[in-house]
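Participant: Mind looking over this structure? Questions follow.
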Amino acid sequence: MKAKNVVQSAAVDPRSAAVRRTIYLLKVHILNISPMIYRRFIIDGNTNITELHHLIQIMMGWENQHLHVFHIWGVNYGIAYEGGTYYRDDPSEILIEDLGLRARDKFSYVYDFGDYWKHEIRIEKVENARPGYRHPICTAGRRACPPEDVGGPYAYQDALISQFSWIQKTLSNVFDSIENGEVPDLDLDSAPWWYLKHHSEVFDKKKMNQALGKLYQKRVMVNSGEPWAVTMLILMFKDSTFCINKIYCLI
(Lines give C-alpha, C1' and ligand atoms only; values in the text may rest on other atoms or scores of the structure.)
Protein backbone atom coordinates (compact mmCIF):
# COMPACT_ATOMS: atom_id res chain seq x y z
CA MET A 1 0.00 0.00 0.00
CA LYS A 2 1.32 3.39 -0.97
CA ALA A 3 1.78 6.28 1.43
CA LYS A 4 1.73 9.91 0.42
CA ASN A 5 4.90 10.92 -1.41
CA VAL A 6 5.33 13.99 0.79
CA VAL A 7 7.47 14.57 3.84
CA GLN A 8 6.39 17.30 6.21
CA SER A 9 8.60 18.63 8.97
CA ALA A 10 7.12 21.07 11.47
CA ALA A 11 9.21 24.10 12.21
CA VAL A 12 10.95 24.38 15.55
CA ASP A 13 11.29 27.61 17.47
CA PRO A 14 15.04 28.33 17.66
CA ARG A 15 14.55 29.63 21.20
CA SER A 16 13.84 26.04 22.25
CA ALA A 17 17.46 25.16 21.46
CA ALA A 18 18.47 26.68 24.78
CA VAL A 19 16.55 24.02 26.72
CA ARG A 20 17.83 21.03 24.78
CA ARG A 21 19.92 18.93 27.09
CA THR A 22 20.53 15.55 25.49
CA ILE A 23 21.60 14.36 22.06
CA TYR A 24 21.60 10.84 20.68
CA LEU A 25 24.15 9.39 18.31
CA LEU A 26 22.38 6.77 16.20
CA LYS A 27 23.41 4.22 13.62
CA VAL A 28 20.80 2.86 11.22
CA HIS A 29 21.44 0.09 8.73
CA ILE A 30 19.39 -2.17 6.47
CA LEU A 31 19.37 -5.80 7.54
CA ASN A 32 20.24 -8.71 5.21
CA ILE A 33 22.44 -6.66 2.88
CA SER A 34 26.20 -7.03 2.60
CA PRO A 35 28.32 -4.93 2.45
CA MET A 36 26.32 -2.89 4.95
CA ILE A 37 24.27 0.15 3.96
CA TYR A 38 24.28 2.44 6.97
CA ARG A 39 24.10 6.01 8.24
CA ARG A 40 25.30 7.55 11.49
CA PHE A 41 23.53 10.71 12.62
CA ILE A 42 22.87 12.94 15.59
CA ILE A 43 19.47 14.05 16.89
CA ASP A 44 18.34 15.76 20.07
CA GLY A 45 16.07 14.19 22.65
CA ASN A 46 13.15 16.42 21.66
CA THR A 47 12.88 14.64 18.31
CA ASN A 48 9.56 12.85 18.03
CA ILE A 49 8.72 9.60 16.21
CA THR A 50 7.22 11.42 13.24
CA GLU A 51 10.38 13.47 12.77
CA LEU A 52 12.58 10.40 13.19
CA HIS A 53 10.68 8.64 10.42
CA HIS A 54 11.26 11.55 8.05
CA LEU A 55 14.91 11.82 9.05
CA ILE A 56 15.50 8.13 8.31
CA GLN A 57 13.82 8.55 4.95
CA ILE A 58 16.12 11.45 4.13
CA MET A 59 19.29 9.93 5.60
CA MET A 60 18.87 6.60 3.87
CA GLY A 61 17.59 8.03 0.60
CA TRP A 62 14.10 6.54 0.51
CA GLU A 63 11.24 8.37 -1.19
CA ASN A 64 8.46 7.93 1.42
CA GLN A 65 6.24 6.03 -1.00
CA HIS A 66 5.21 3.23 1.37
CA LEU A 67 3.99 2.51 4.87
CA HIS A 68 6.35 2.03 7.79
CA VAL A 69 6.48 0.96 11.44
CA PHE A 70 8.85 1.37 14.39
CA HIS A 71 9.04 -1.40 16.99
CA ILE A 72 10.36 -0.03 20.29
CA TRP A 73 10.13 -1.87 23.62
CA GLY A 74 7.40 -4.14 22.27
CA VAL A 75 5.21 -1.29 20.99
CA ASN A 76 4.58 -0.34 17.36
CA TYR A 77 4.74 3.33 16.38
CA GLY A 78 4.16 4.99 13.04
CA ILE A 79 2.26 7.56 11.05
CA ALA A 80 -1.24 6.32 10.29
CA TYR A 81 -2.54 6.82 6.75
CA GLU A 82 -6.10 6.40 5.55
CA GLY A 83 -6.62 2.76 4.66
CA GLY A 84 -3.31 1.81 6.29
CA THR A 85 -2.16 0.62 9.70
CA TYR A 86 -3.68 2.07 12.87
CA TYR A 87 -1.43 3.05 15.78
CA ARG A 88 -2.71 3.76 19.27
CA ASP A 89 -0.26 6.60 19.97
CA ASP A 90 0.22 9.89 18.15
CA PRO A 91 3.84 9.67 16.88
CA SER A 92 4.21 13.45 16.98
CA GLU A 93 3.76 13.33 20.76
CA ILE A 94 6.27 10.54 21.47
CA LEU A 95 9.72 12.01 22.10
CA ILE A 96 12.93 10.01 21.85
CA GLU A 97 14.04 11.18 25.28
CA ASP A 98 10.83 9.77 26.82
CA LEU A 99 11.46 6.21 25.60
CA GLY A 100 14.17 5.39 28.13
CA LEU A 101 16.74 4.55 25.49
CA ARG A 102 20.36 4.14 26.53
CA ALA A 103 23.65 3.50 24.77
CA ARG A 104 23.70 0.10 23.00
CA ASP A 105 19.90 -0.20 22.99
CA LYS A 106 18.35 -1.19 19.65
CA PHE A 107 14.98 -0.95 17.96
CA SER A 108 13.67 -1.62 14.47
CA TYR A 109 12.13 0.34 11.63
CA VAL A 110 10.42 -1.39 8.72
CA TYR A 111 9.77 0.50 5.50
CA ASP A 112 7.57 -0.89 2.70
CA PHE A 113 5.65 -3.91 3.96
CA GLY A 114 5.92 -5.51 0.51
CA ASP A 115 9.68 -5.31 -0.10
CA TYR A 116 10.12 -5.32 3.69
CA TRP A 117 13.20 -3.20 4.24
CA LYS A 118 13.96 -3.83 7.92
CA HIS A 119 16.37 -1.38 9.53
CA GLU A 120 18.13 -1.79 12.84
CA ILE A 121 18.64 1.45 14.79
CA ARG A 122 21.29 1.36 17.49
CA ILE A 123 21.87 3.99 20.15
CA GLU A 124 25.64 4.48 20.13
CA LYS A 125 25.89 7.37 22.57
CA VAL A 126 23.68 9.53 24.75
CA GLU A 127 25.36 12.72 25.89
CA ASN A 128 24.88 16.38 26.67
CA ALA A 129 24.18 18.64 23.73
CA ARG A 130 27.30 19.82 21.95
CA PRO A 131 28.04 23.54 21.57
CA GLY A 132 26.73 24.79 18.25
CA TYR A 133 24.29 21.92 17.71
CA ARG A 134 21.30 23.27 15.77
CA HIS A 135 19.71 20.42 13.86
CA PRO A 136 20.22 16.74 12.99
CA ILE A 137 23.40 16.01 11.05
CA CYS A 138 24.80 12.94 9.34
CA THR A 139 28.26 12.01 10.61
CA ALA A 140 29.01 8.96 8.45
CA GLY A 141 27.51 6.59 5.93
CA ARG A 142 28.25 3.92 3.39
CA ARG A 143 26.70 2.87 0.08
CA ALA A 144 23.62 4.17 -1.68
CA CYS A 145 20.03 3.42 -0.78
CA PRO A 146 18.39 0.69 -2.91
CA PRO A 147 15.84 1.81 -5.52
CA GLU A 148 12.20 1.78 -4.52
CA ASP A 149 10.16 -1.34 -5.42
CA VAL A 150 13.21 -3.41 -6.36
CA GLY A 151 11.92 -6.40 -4.40
CA GLY A 152 13.65 -6.33 -1.02
CA PRO A 153 17.18 -7.06 0.28
CA TYR A 154 17.83 -10.36 -1.46
CA ALA A 155 16.26 -9.26 -4.74
CA TYR A 156 18.36 -6.09 -4.61
CA GLN A 157 21.63 -7.98 -4.28
CA ASP A 158 20.66 -10.19 -7.23
CA ALA A 159 19.67 -7.07 -9.16
CA LEU A 160 23.11 -5.51 -8.58
CA ILE A 161 24.75 -8.57 -10.16
CA SER A 162 22.37 -8.29 -13.12
CA GLN A 163 23.11 -4.57 -13.40
CA PHE A 164 26.87 -5.20 -13.50
CA SER A 165 26.46 -7.95 -16.11
CA TRP A 166 24.24 -5.74 -18.26
CA ILE A 167 26.73 -2.85 -18.12
CA GLN A 168 29.62 -5.16 -19.02
CA LYS A 169 27.68 -6.66 -21.93
CA THR A 170 26.55 -3.25 -23.19
CA LEU A 171 30.09 -1.84 -23.10
CA SER A 172 31.43 -4.90 -24.87
CA ASN A 173 28.86 -4.46 -27.66
CA VAL A 174 29.77 -0.76 -27.96
CA PHE A 175 33.51 -1.51 -28.29
CA ASP A 176 32.87 -4.29 -30.83
CA SER A 177 30.71 -1.97 -32.93
CA ILE A 178 33.37 0.75 -32.88
CA GLU A 179 36.09 -1.69 -33.91
CA ASN A 180 33.93 -2.85 -36.83
CA GLY A 181 33.20 0.72 -37.91
CA GLU A 182 29.54 0.39 -37.01
CA VAL A 183 27.21 2.59 -35.01
CA PRO A 184 26.50 0.96 -31.62
CA ASP A 185 22.96 -0.30 -31.26
CA LEU A 186 22.01 0.36 -27.64
CA ASP A 187 18.84 -1.34 -26.44
CA LEU A 188 18.29 0.80 -23.36
CA ASP A 189 14.53 0.21 -23.26
CA SER A 190 15.01 -3.41 -22.21
CA ALA A 191 16.94 -2.48 -19.05
CA PRO A 192 15.35 -1.51 -15.73
CA TRP A 193 15.04 2.26 -15.36
CA TRP A 194 17.62 2.45 -12.56
CA TYR A 195 20.46 0.57 -14.31
CA LEU A 196 22.00 3.74 -15.73
CA LYS A 197 21.51 6.02 -12.73
CA HIS A 198 22.02 3.86 -9.64
CA HIS A 199 25.53 3.90 -8.17
CA SER A 200 25.39 1.37 -5.36
CA GLU A 201 28.71 2.27 -3.74
CA VAL A 202 28.23 6.05 -3.63
CA PHE A 203 27.22 8.03 -0.55
CA ASP A 204 27.66 11.81 -0.40
CA LYS A 205 27.68 12.97 3.23
CA LYS A 206 28.26 16.60 2.27
CA LYS A 207 25.23 16.67 -0.02
CA MET A 208 23.15 14.99 2.67
CA ASN A 209 24.04 17.58 5.31
CA GLN A 210 23.42 20.42 2.88
CA ALA A 211 19.91 19.08 2.33
CA LEU A 212 19.35 18.79 6.09
CA GLY A 213 20.62 22.33 6.57
CA LYS A 214 18.12 23.65 4.03
CA LEU A 215 15.33 21.65 5.64
CA TYR A 216 15.94 23.11 9.09
CA GLN A 217 16.92 26.65 8.16
CA LYS A 218 13.37 28.00 8.27
CA ARG A 219 11.96 28.59 11.73
CA VAL A 220 9.09 30.32 13.48
CA MET A 221 8.90 33.90 12.31
CA VAL A 222 7.15 36.81 13.96
CA ASN A 223 6.22 39.83 11.89
CA SER A 224 4.98 42.92 13.74
CA GLY A 225 1.34 43.68 12.99
CA GLU A 226 0.78 40.26 11.46
CA PRO A 227 -0.38 36.94 12.94
CA TRP A 228 2.12 34.29 13.95
CA ALA A 229 3.34 32.48 10.88
CA VAL A 230 4.71 29.00 11.19
CA THR A 231 6.92 27.98 8.29
CA MET A 232 6.38 24.40 7.28
CA LEU A 233 8.80 22.67 4.95
CA ILE A 234 7.40 20.24 2.44
CA LEU A 235 10.16 17.98 1.23
CA MET A 236 9.36 16.37 -2.08
CA PHE A 237 11.50 13.76 -3.71
CA LYS A 238 12.19 13.63 -7.41
CA ASP A 239 14.94 11.52 -8.93
CA SER A 240 16.78 11.41 -5.59
CA THR A 241 17.20 15.20 -5.47
CA PHE A 242 15.57 17.44 -2.88
CA CYS A 243 13.09 20.12 -3.82
CA ILE A 244 12.07 22.25 -0.88
CA ASN A 245 9.00 24.45 -1.00
CA LYS A 246 7.63 26.50 1.85
CA ILE A 247 4.09 27.26 2.81
CA TYR A 248 2.76 29.51 5.56
CA CYS A 249 0.08 28.39 7.97
CA LEU A 250 -1.56 30.89 10.26
CA ILE A 251 -2.29 29.82 13.80
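Note on naming: chains are A, B, ... as they come in the C-alpha coordinates, residues start from 1 per chain, ligands start from 1 in the order shown.
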Could you give me, as a VMD selection string, each residue of range 88-231 of chain A that DSSP assigns to strand (DSSP E or B) when run on this structure's backbone?

Facilitator: chain A and resid 95 106 to 111 117 to 128 137 to 142 221 229 to 231

Participant: Which residues are close to range 189-204 of chain A, i.e. within 12 Å by only C-alpha atoms, leaving aside same-chain residues fewer than 6 positions away? Reply as a PyMOL selection string.

Facilitator: chain A and resi 33-39+59-61+138-150+156-157+159-170+210-211+239-240

Participant: Counting only C-alpha atoms, which of A:Thr50, A:Ile72, A:Asp44, A:Asp185 gets nearest to Glu120 in chain A?

Facilitator: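 Using only C-alpha atoms, the shortest distance to Glu120 in chain A belongs to A:Ile72.
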
Participant: Which of range 26-230 of chain A counts as alpha helix (DSSP H) under DSSP, as a PyMOL selection string please?

Facilitator: chain A and resi 49-60+153-179+205-216

Participant: Hey, can you check how far CA of Gly83 in chain A sits from CA of His66 in chain A?

Facilitator: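 Pair CA of Gly83 in chain A / CA of His66 in chain A returns 12.3 Å.
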
Participant: Just checking: using only C-alpha atoms, which residue out of A:Leu215, A:Val28, A:Ala129, A:Leu67 ends up closest to Lys106 in chain A?

Facilitator: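 Going through A:Leu215, A:Val28, A:Ala129, A:Leu67 one by one, the smallest distance to Lys106 in chain A is for A:Val28.
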